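What follows is the content of protein-v4.cif, which has mmCIF, C-alpha atoms and all ligand atoms:
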```cif
data_protein
#
loop_
_atom_site.label_atom_id
_atom_site.label_comp_id
_atom_site.auth_asym_id
_atom_site.auth_seq_id
_atom_site.Cartn_x
_atom_site.Cartn_y
_atom_site.Cartn_z
CA MET A 1 -8.38 -11.87 22.28
CA THR A 2 -8.84 -11.76 18.54
CA SER A 3 -6.37 -12.77 15.86
CA SER A 4 -7.37 -9.86 13.66
CA ALA A 5 -5.61 -6.54 14.04
CA ILE A 6 -8.51 -4.76 12.34
CA GLU A 7 -12.10 -5.87 11.77
CA ILE A 8 -14.30 -3.64 9.67
CA GLU A 9 -17.93 -4.43 8.92
CA GLY A 10 -20.29 -2.50 6.66
CA LEU A 11 -18.27 0.70 6.95
CA ARG A 12 -19.88 3.68 5.24
CA LYS A 13 -18.79 7.27 5.04
CA ILE A 14 -20.85 9.99 3.46
CA TYR A 15 -19.29 13.46 3.32
CA ALA A 16 -21.90 16.21 3.62
CA ALA A 17 -22.73 18.32 0.57
CA GLN A 18 -20.45 21.31 0.05
CA GLY A 19 -21.25 24.32 -2.11
CA ASN A 20 -22.43 23.07 -5.49
CA SER A 21 -21.36 19.46 -4.96
CA GLY A 22 -23.83 17.06 -3.38
CA PRO A 23 -23.05 14.56 -0.62
CA LYS A 24 -20.25 12.14 -1.42
CA GLU A 25 -20.33 8.48 -0.45
CA ALA A 26 -16.63 7.78 -0.02
CA LEU A 27 -17.03 4.30 1.54
CA LYS A 28 -19.94 2.12 0.50
CA GLY A 29 -20.16 -0.64 3.06
CA VAL A 30 -16.60 -1.91 3.38
CA ASP A 31 -15.94 -5.28 5.03
CA LEU A 32 -12.29 -5.94 5.73
CA THR A 33 -10.21 -7.91 8.21
CA ILE A 34 -6.50 -7.41 8.56
CA PRO A 35 -4.56 -10.19 10.31
CA GLN A 36 -2.22 -9.51 13.20
CA GLY A 37 1.45 -9.38 12.29
CA SER A 38 0.92 -8.81 8.58
CA ILE A 39 2.22 -6.10 6.29
CA PHE A 40 -1.01 -5.16 4.60
CA GLY A 41 -1.33 -2.95 1.52
CA LEU A 42 -4.35 -0.78 0.83
CA LEU A 43 -4.29 0.14 -2.84
CA GLY A 44 -6.63 2.04 -5.10
CA PRO A 45 -6.76 4.87 -7.62
CA ASN A 46 -6.96 8.50 -6.51
CA GLY A 47 -10.21 9.24 -4.74
CA ALA A 48 -10.96 5.54 -4.09
CA GLY A 49 -11.45 6.11 -0.36
CA LYS A 50 -8.12 4.96 1.12
CA SER A 51 -7.44 8.10 3.15
CA THR A 52 -11.03 8.16 4.37
CA LEU A 53 -10.63 4.59 5.62
CA ILE A 54 -7.31 5.33 7.30
CA ASN A 55 -8.65 8.51 8.87
CA ILE A 56 -11.56 6.57 10.34
CA LEU A 57 -9.15 3.96 11.75
CA ALA A 58 -7.06 6.76 13.23
CA GLY A 59 -10.08 8.41 14.80
CA LEU A 60 -9.57 11.52 12.63
CA ALA A 61 -12.79 11.10 10.62
CA ILE A 62 -16.17 9.98 11.91
CA LYS A 63 -17.85 7.10 10.14
CA THR A 64 -21.44 7.37 8.98
CA SER A 65 -22.24 3.77 9.90
CA GLY A 66 -20.64 0.36 10.33
CA LYS A 67 -18.41 -1.30 12.86
CA VAL A 68 -14.68 -0.85 13.37
CA LYS A 69 -12.68 -2.96 15.80
CA ILE A 70 -9.03 -2.21 16.40
CA TRP A 71 -7.07 -4.90 18.20
CA GLY A 72 -10.37 -6.30 19.37
CA PHE A 73 -11.65 -2.97 20.72
CA ASP A 74 -14.82 -1.57 19.18
CA GLN A 75 -14.21 2.11 18.35
CA ASP A 76 -17.65 3.07 19.65
CA VAL A 77 -17.46 1.05 22.86
CA ASN A 78 -13.77 1.45 23.79
CA PRO A 79 -12.57 4.56 21.95
CA ARG A 80 -9.51 5.05 24.19
CA GLN A 81 -8.19 1.49 23.87
CA SER A 82 -8.84 1.34 20.16
CA ARG A 83 -6.96 4.60 19.64
CA ALA A 84 -4.05 3.46 21.78
CA ALA A 85 -3.59 0.35 19.61
CA ILE A 86 -2.85 2.30 16.45
CA GLY A 87 -0.24 4.82 15.34
CA VAL A 88 -0.61 6.74 12.09
CA MET A 89 2.05 8.35 9.94
CA PRO A 90 0.01 10.83 7.89
CA GLN A 91 0.54 11.92 4.33
CA GLU A 92 0.93 15.63 5.00
CA LEU A 93 3.96 17.05 6.76
CA ASN A 94 1.83 18.58 9.50
CA LEU A 95 4.49 19.47 12.06
CA ASP A 96 4.61 22.46 14.34
CA PRO A 97 7.59 24.45 12.99
CA PHE A 98 8.59 25.62 16.47
CA PHE A 99 8.99 22.17 17.98
CA THR A 100 12.26 20.30 17.97
CA PRO A 101 12.14 16.56 17.17
CA ARG A 102 12.67 15.77 20.85
CA GLY A 103 9.93 18.24 21.84
CA ALA A 104 7.52 16.93 19.21
CA LEU A 105 7.99 13.33 20.39
CA GLU A 106 7.58 14.33 24.05
CA VAL A 107 4.38 16.28 23.36
CA GLN A 108 2.97 13.40 21.34
CA ALA A 109 3.79 10.95 24.14
CA GLY A 110 2.03 13.30 26.56
CA LEU A 111 -1.06 13.37 24.35
CA TYR A 112 -1.20 9.59 24.50
CA GLY A 113 -0.71 9.62 28.25
CA VAL A 114 2.62 7.78 28.17
CA PRO A 115 4.22 8.30 31.61
CA LYS A 116 7.64 10.03 31.53
CA ALA A 117 9.43 6.92 32.81
CA GLN A 118 8.04 4.84 29.95
CA ARG A 119 8.88 7.25 27.14
CA ARG A 120 11.37 6.04 24.57
CA THR A 121 12.25 9.39 23.02
CA ALA A 122 16.01 8.76 22.69
CA GLU A 123 15.46 5.29 21.25
CA ILE A 124 12.98 6.61 18.67
CA LEU A 125 15.27 9.50 17.70
CA GLU A 126 18.04 6.97 17.15
CA MET A 127 15.82 4.69 15.11
CA ILE A 128 14.63 7.47 12.79
CA GLY A 129 18.16 8.83 12.46
CA LEU A 130 17.44 12.20 14.08
CA SER A 131 19.57 12.00 17.25
CA ASP A 132 21.89 14.71 15.90
CA GLN A 133 18.93 16.97 15.06
CA ALA A 134 17.09 16.31 18.33
CA GLU A 135 17.24 19.98 19.33
CA ALA A 136 16.77 21.60 15.88
CA TYR A 137 13.52 23.39 15.10
CA ALA A 138 11.23 21.40 12.82
CA ARG A 139 11.19 24.25 10.31
CA THR A 140 14.94 23.80 9.75
CA LEU A 141 14.62 20.07 8.96
CA SER A 142 14.66 18.77 5.39
CA GLY A 143 11.50 17.20 3.94
CA GLY A 144 12.97 13.74 4.47
CA MET A 145 13.82 14.45 8.10
CA ARG A 146 10.29 15.74 8.73
CA ARG A 147 8.85 12.58 7.30
CA ARG A 148 11.05 10.49 9.58
CA LEU A 149 9.87 12.57 12.51
CA LEU A 150 6.26 11.78 11.55
CA LEU A 151 7.15 8.09 11.68
CA GLY A 152 8.66 8.64 15.12
CA LYS A 153 5.53 10.43 16.32
CA ALA A 154 3.38 7.49 15.20
CA LEU A 155 5.46 5.19 17.42
CA VAL A 156 5.63 7.06 20.75
CA HIS A 157 2.85 5.04 22.42
CA ASN A 158 4.25 1.74 21.14
CA PRO A 159 1.12 0.79 19.17
CA GLN A 160 0.41 -2.75 17.99
CA ILE A 161 -0.61 -1.40 14.58
CA LEU A 162 1.27 1.13 12.47
CA VAL A 163 -0.51 2.82 9.57
CA LEU A 164 1.52 4.53 6.87
CA ASP A 165 -0.38 6.73 4.42
CA GLU A 166 1.72 7.09 1.26
CA PRO A 167 4.97 7.04 3.25
CA THR A 168 7.28 7.17 0.26
CA ALA A 169 5.45 9.59 -2.04
CA GLY A 170 8.06 11.92 -3.49
CA VAL A 171 10.94 10.77 -1.27
CA ASP A 172 14.40 9.86 -2.51
CA ILE A 173 15.71 6.32 -2.70
CA GLY A 174 17.85 6.61 0.44
CA LEU A 175 14.93 7.67 2.60
CA ARG A 176 12.65 5.11 1.03
CA GLN A 177 15.09 2.33 1.90
CA MET A 178 15.51 3.64 5.43
CA LEU A 179 11.74 3.75 5.92
CA TRP A 180 11.24 0.22 4.64
CA GLN A 181 14.10 -1.12 6.72
CA ASN A 182 12.51 0.36 9.82
CA VAL A 183 9.08 -0.92 8.90
CA ARG A 184 10.38 -4.45 8.28
CA ARG A 185 12.21 -4.42 11.59
CA LEU A 186 9.14 -3.26 13.49
CA ASN A 187 7.18 -6.04 11.84
CA GLU A 188 9.74 -8.81 12.30
CA GLU A 189 11.20 -7.93 15.70
CA ARG A 190 8.13 -6.55 17.46
CA GLY A 191 5.42 -8.29 15.50
CA MET A 192 3.88 -4.91 14.70
CA THR A 193 1.05 -5.07 12.17
CA ILE A 194 1.73 -2.64 9.32
CA ILE A 195 -0.94 -1.14 7.08
CA LEU A 196 0.20 1.02 4.23
CA THR A 197 -1.09 2.81 1.19
CA THR A 198 1.23 3.43 -1.69
CA HIS A 199 1.05 4.44 -5.31
CA TYR A 200 4.15 2.39 -6.05
CA LEU A 201 2.80 -1.01 -6.94
CA GLU A 202 6.26 -2.54 -7.17
CA GLU A 203 6.81 -1.50 -3.60
CA ALA A 204 3.50 -3.01 -2.49
CA GLN A 205 4.36 -6.22 -4.31
CA GLU A 206 7.71 -6.41 -2.57
CA MET A 207 6.58 -5.38 0.91
CA CYS A 208 3.04 -6.62 1.47
CA ASP A 209 1.91 -10.12 2.48
CA GLU A 210 -1.68 -9.25 1.72
CA ILE A 211 -3.43 -6.57 -0.26
CA ALA A 212 -6.89 -5.04 -0.55
CA ILE A 213 -7.74 -3.04 -3.65
CA ILE A 214 -10.34 -0.32 -3.15
CA ASN A 215 -12.18 1.34 -6.00
CA HIS A 216 -15.07 3.83 -5.77
CA GLY A 217 -15.46 3.21 -2.05
CA GLU A 218 -15.64 -0.60 -2.30
CA VAL A 219 -13.15 -3.40 -1.71
CA ILE A 220 -12.94 -5.09 -5.11
CA ALA A 221 -10.17 -7.58 -4.29
CA ARG A 222 -8.48 -8.85 -1.16
CA ASP A 223 -5.97 -11.66 -1.11
CA THR A 224 -2.37 -12.56 -0.52
CA THR A 225 -0.09 -10.71 -2.92
CA ALA A 226 0.97 -14.01 -4.50
CA ASN A 227 -2.64 -15.13 -5.06
CA LEU A 228 -3.62 -11.80 -6.56
CA ILE A 229 -0.81 -12.03 -9.06
CA SER A 230 -1.48 -15.66 -9.89
CA ARG A 231 -5.07 -14.72 -10.75
CA MET A 232 -3.64 -13.06 -13.82
CA ASP A 233 -3.46 -15.80 -16.33
CA ALA A 234 -1.49 -13.89 -18.95
CA LYS A 235 2.08 -14.71 -19.81
CA THR A 236 4.42 -13.47 -22.52
CA LEU A 237 7.22 -15.36 -24.22
CA VAL A 238 9.83 -13.12 -25.81
CA ILE A 239 12.02 -14.78 -28.44
CA GLU A 240 15.17 -13.43 -29.99
CA PRO A 241 15.43 -15.08 -33.42
CA GLU A 242 18.73 -15.94 -35.06
CA GLY A 243 18.43 -14.66 -38.60
CA ASP A 244 15.15 -13.90 -40.33
CA ALA A 245 11.69 -14.47 -38.94
CA PRO A 246 8.35 -14.37 -40.77
CA ASP A 247 5.90 -11.48 -40.36
CA ALA A 248 3.05 -13.75 -39.36
CA PHE A 249 2.77 -17.07 -37.53
CA ASN A 250 0.38 -19.94 -37.53
CA LEU A 251 -0.26 -20.07 -33.76
CA PRO A 252 -2.40 -21.99 -31.30
CA LYS A 253 -5.79 -20.34 -30.66
CA GLY A 254 -5.69 -17.26 -28.42
CA VAL A 255 -1.95 -16.56 -28.80
CA VAL A 256 -1.21 -12.97 -29.81
CA PHE A 257 1.96 -12.16 -31.73
CA GLU A 258 3.74 -8.82 -31.75
CA ARG A 259 7.09 -7.96 -33.36
CA ARG A 260 8.97 -5.63 -31.03
CA LYS A 261 10.95 -2.64 -32.31
CA ASP A 262 14.21 -4.33 -31.35
CA GLY A 263 13.37 -7.30 -33.61
CA ARG A 264 12.33 -9.64 -30.81
CA LEU A 265 9.13 -11.63 -31.17
CA ALA A 266 6.59 -11.44 -28.34
CA PHE A 267 3.87 -14.07 -27.94
CA SER A 268 1.20 -13.42 -25.30
CA TYR A 269 -1.01 -16.26 -24.20
CA SER A 270 -3.15 -17.48 -21.38
CA LYS A 271 -1.42 -20.03 -19.14
CA GLY A 272 -4.67 -21.91 -18.63
CA GLN A 273 -5.15 -22.35 -22.36
CA THR A 274 -1.72 -22.78 -23.91
CA SER A 275 1.70 -23.99 -22.75
CA ALA A 276 5.03 -22.37 -23.50
CA ASN A 277 6.04 -25.55 -25.35
CA GLU A 278 3.13 -25.24 -27.77
CA VAL A 279 4.12 -21.67 -28.54
CA LEU A 280 7.78 -22.61 -29.00
CA ASP A 281 6.88 -25.55 -31.25
CA ALA A 282 4.70 -23.34 -33.43
CA VAL A 283 7.54 -20.85 -33.82
CA LYS A 284 10.13 -23.54 -34.63
CA ASP A 285 7.74 -25.19 -37.10
CA GLN A 286 7.92 -22.04 -39.14
CA GLY A 287 11.67 -22.30 -39.49
CA VAL A 288 12.70 -19.76 -36.84
CA ILE A 289 15.99 -20.50 -35.09
CA ILE A 290 15.63 -19.45 -31.48
CA GLY A 291 18.61 -17.50 -30.14
CA ASP A 292 17.23 -16.62 -26.75
CA VAL A 293 13.92 -16.90 -24.87
CA GLN A 294 12.55 -14.95 -21.94
CA THR A 295 9.24 -15.23 -20.17
CA VAL A 296 7.44 -12.25 -18.70
CA GLU A 297 5.11 -12.95 -15.77
CA PRO A 298 2.34 -10.56 -14.76
CA ASP A 299 2.94 -8.32 -11.76
CA LEU A 300 0.78 -6.43 -9.30
CA GLU A 301 0.55 -3.51 -11.68
CA ASP A 302 -1.15 -5.74 -14.28
CA VAL A 303 -3.62 -6.96 -11.65
CA PHE A 304 -4.32 -3.43 -10.47
CA VAL A 305 -4.87 -2.08 -13.98
CA ASP A 306 -7.06 -5.03 -14.87
CA LEU A 307 -9.28 -4.55 -11.81
CA THR A 308 -9.57 -0.79 -11.74
CA SER A 309 -9.31 0.49 -15.31
CA GLY A 310 -12.53 1.78 -16.78
CA LYS A 311 -14.60 0.36 -13.93
N1 LIG A 401 -13.55 16.25 3.58
C1 LIG A 401 -14.17 15.84 2.47
N2 LIG A 401 -15.31 16.38 2.06
C2 LIG A 401 -15.95 15.97 0.95
N3 LIG A 401 -15.52 14.96 0.14
C3 LIG A 401 -14.35 14.37 0.50
C4 LIG A 401 -13.61 14.76 1.67
N4 LIG A 401 -12.50 13.99 1.76
C5 LIG A 401 -12.55 13.16 0.70
N5 LIG A 401 -13.65 13.37 -0.05
C6 LIG A 401 -14.06 12.64 -1.28
O1 LIG A 401 -14.20 11.27 -0.94
C7 LIG A 401 -13.65 10.43 -1.96
C8 LIG A 401 -12.57 9.54 -1.37
O2 LIG A 401 -11.44 10.36 -1.00
P1 LIG A 401 -10.13 9.80 -0.29
O3 LIG A 401 -9.27 10.96 0.01
O4 LIG A 401 -10.52 8.91 0.82
O5 LIG A 401 -9.52 8.92 -1.47
P2 LIG A 401 -8.04 8.30 -1.59
O6 LIG A 401 -8.26 6.91 -2.08
O7 LIG A 401 -7.32 8.45 -0.32
O8 LIG A 401 -7.39 9.17 -2.71
P3 LIG A 401 -5.86 9.69 -2.83
O9 LIG A 401 -5.06 8.51 -3.29
O10 LIG A 401 -6.00 10.73 -3.89
O11 LIG A 401 -5.44 10.22 -1.50
C9 LIG A 401 -13.16 11.35 -3.04
O12 LIG A 401 -14.16 11.46 -4.02
C10 LIG A 401 -12.97 12.68 -2.33
O13 LIG A 401 -13.18 13.75 -3.22
#
```

Mind converting the file's structure to structure tokens?
Ligand SMILES: Nc1ncnc2c1ncn2[C@@H]1O[C@H](COP(=O)(O)OP(=O)(O)OP(=O)(O)O)[C@@H](O)[C@H]1O
Amino acid sequence: MTSSAIEIEGLRKIYAAQGNSGPKEALKGVDLTIPQGSIFGLLGPNGAGKSTLINILAGLAIKTSGKVKIWGFDQDVNPRQSRAAIGVMPQELNLDPFFTPRGALEVQAGLYGVPKAQRRTAEILEMIGLSDQAEAYARTLSGGMRRRLLLGKALVHNPQILVLDEPTAGVDIGLRQMLWQNVRRLNEERGMTIILTTHYLEEAQEMCDEIAIINHGEVIARDTTANLISRMDAKTLVIEPEGDAPDAFNLPKGVVFERRKDGRLAFSYSKGQTSANEVLDAVKDQGVIIGDVQTVEPDLEDVFVDLTSGK
């Protein structure tokens, strides 16, 4: 048995030419391993190739070349086992309007060949908070309820890996919290590996142990969330002066000064080059009395912008 939930080697996807547009290489030889039991974030700007990658994992899109192993099963050699190891909550609300939540879960379980005695329909309905709506037609459910039903459908065959494609795009805070609570529980209590894409970088920073950033069909960074953030060397010291402060400062090399609209003084510097003490000393040397000091650390958003902007 392998300790990787997913192993991808040299994965390429070329979409055939359509109309006036030529063929599109959406994935350009991606290598990626995702450890078992992790909550793994797949981030990237629009059109980077995230959905293509997820669709290939889910067996919904056919790769052009490369190797994909899911829970140790090669997609090409053991398609059934590799499919059974993964459950996908898609981005679109693609539900049959005439199915009830109970019916939709039962049909999905049937598609995956889960025997009736092993189905956990009631338990899943309870978990996604739809027990009371179990017999309502999908078309009468709110957007949030439909999304929860999609999560339920992804879980009917009790997969080892759960993939969530933009699960919280456009959902309200209550639903977002409910989704994350469920996801954390599945990860902690059942050891389920979670792979998610999200446009909310704060959310990825909070939820994910590890992250891969994809841009133009290539993985441009892959590390633990903490390591990715610590790669950013920038730091800002924000000082609230008591009384007047000069318009310019004599500062150590590389430190950038900006006076904020609210009168606070912001000094940005590289941690590797300058220490906070040196900045503070330089400010005090110029007669400023320091009322309050705050430091601002970089976050995932800074890393993401740095890696993907203009590249
Ligand atoms: N069925 C298709 N036919 C042709 N080109 C496609 C198809 N699906 C996606 N593409 C192209 O492949 C590239 C990658 O698209 P993909 O949907 O995988 O990106 P994404 O990272 O998921 O973006 P988003 O965050 O907007 O969903 C894009 O340039 C897209 O236009």

TODO: Please write as number ranges by chain the list of polymer residues whose atoms come within 10 Å of (-8.2, -8.0, 20.3), counting only C-alpha atoms and keeping to the coordinates of the file.
DONE: A: 1-7, 36, 69-74, 82, 85

Open item on the list: Around ligand LIG 401 (chain A), which protein and nucleic acid residues have at least one atom no more than 9 Å from it, if we count only C-alpha atoms and all ligand atoms? List them as a PyMOL selection string.
Closed with: chain A and resi 13-18+21+23-27+43-55+61+91+165-166+197-199+214-217

Task: From A:Gln205, A:Asn227, A:Gln294, A:Asn158, residue lying nearest A:Gly41 [only C-alpha atoms] - done: A:Gln205

Task: Computed interatomic separation between atom CA of A:Leu164 and atom CA of A:Arg83 (Å) - done: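 We find that atom CA of A:Leu164 and atom CA of A:Arg83 lie 15.3 Å from each other.
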
TODO: Report the distance between atom CA of A:Asp96 and atom CA of A:Arg176 in Å, rounded to one decimal place.
DONE: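 Computed distance, atom CA of A:Asp96 to atom CA of A:Arg176, equals 23.3 Å.
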
Open item on the list: Using all atoms listed in the file for the distances, tell me which of A:Glu242, A:Glu258, A:Asp306, A:Glu92 is nearest to A:Gly291.
Closed with: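 Distance minimum relative to A:Gly291 lands on A:Glu242.
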
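The interatomic distance for the pair atom CA of A:Gly87 and atom CA of A:Ser131 works out to 21.2 Å.
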
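Take the candidates A:Ala122, A:Met145, A:Ile290, A:Ile229 and check each one against A:Ala204 using only C-alpha atoms; the shortest distance goes to A:Ile229.
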
Can you tell me which residues surround A:Leu105 at a distance of at most 12 Å, considering all atoms listed in the file, apart from same-chain residues fewer than 5 positions away, and format the answer as a CSV table (one decimal) with C-alpha atoms, in the frame of the given file?
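The resulting file, out_26.csv, is reproduced below:
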```csv
chain,number,residue,atom,x,y,z
A,95,LEU,CA,4.5,19.5,12.1
A,96,ASP,CA,4.6,22.5,14.3
A,99,PHE,CA,9.0,22.2,18.0
A,100,THR,CA,12.3,20.3,18.0
A,110,GLY,CA,2.0,13.3,26.6
A,111,LEU,CA,-1.1,13.4,24.4
A,112,TYR,CA,-1.2,9.6,24.5
A,114,VAL,CA,2.6,7.8,28.2
A,116,LYS,CA,7.6,10.0,31.5
A,119,ARG,CA,8.9,7.2,27.1
A,120,ARG,CA,11.4,6.0,24.6
A,121,THR,CA,12.2,9.4,23.0
A,122,ALA,CA,16.0,8.8,22.7
A,123,GLU,CA,15.5,5.3,21.2
A,124,ILE,CA,13.0,6.6,18.7
A,125,LEU,CA,15.3,9.5,17.7
A,128,ILE,CA,14.6,7.5,12.8
A,130,LEU,CA,17.4,12.2,14.1
A,134,ALA,CA,17.1,16.3,18.3
A,135,GLU,CA,17.2,20.0,19.3
A,138,ALA,CA,11.2,21.4,12.8
A,148,ARG,CA,11.0,10.5,9.6
A,149,LEU,CA,9.9,12.6,12.5
A,150,LEU,CA,6.3,11.8,11.6
A,151,LEU,CA,7.2,8.1,11.7
A,152,GLY,CA,8.7,8.6,15.1
A,153,LYS,CA,5.5,10.4,16.3
A,154,ALA,CA,3.4,7.5,15.2
A,155,LEU,CA,5.5,5.2,17.4
A,156,VAL,CA,5.6,7.1,20.8
A,157,HIS,CA,2.8,5.0,22.4
```

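Among A:Lys284, A:Arg264, A:Lys271, A:Arg259, the residue with the shortest atom-to-atom distance to A:Asp233, counting all atoms listed in the file, is A:Lys271.
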
Task: Distance query A:Leu251 at most 8 Å, all atoms listed in the file, self and fewer than 6 positions along chain excluded, as a list in words - done: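 So the residues in contact are Val279, Ala282 and Val283 of chain A.
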
TODO: Check the smallest atom-to-atom distance from each of A:Gly243, A:Gly287, A:Pro90, A:Gly191 to A:Thr168 using all atoms listed in the file, then report the winner.
DONE: A:Pro90

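Remark: for A:Ala212, the closest of the candidate residues A:Gln286, A:Thr224, A:Gln75, A:Ser142 is A:Thr224 (distances computed over all atoms listed in the file).
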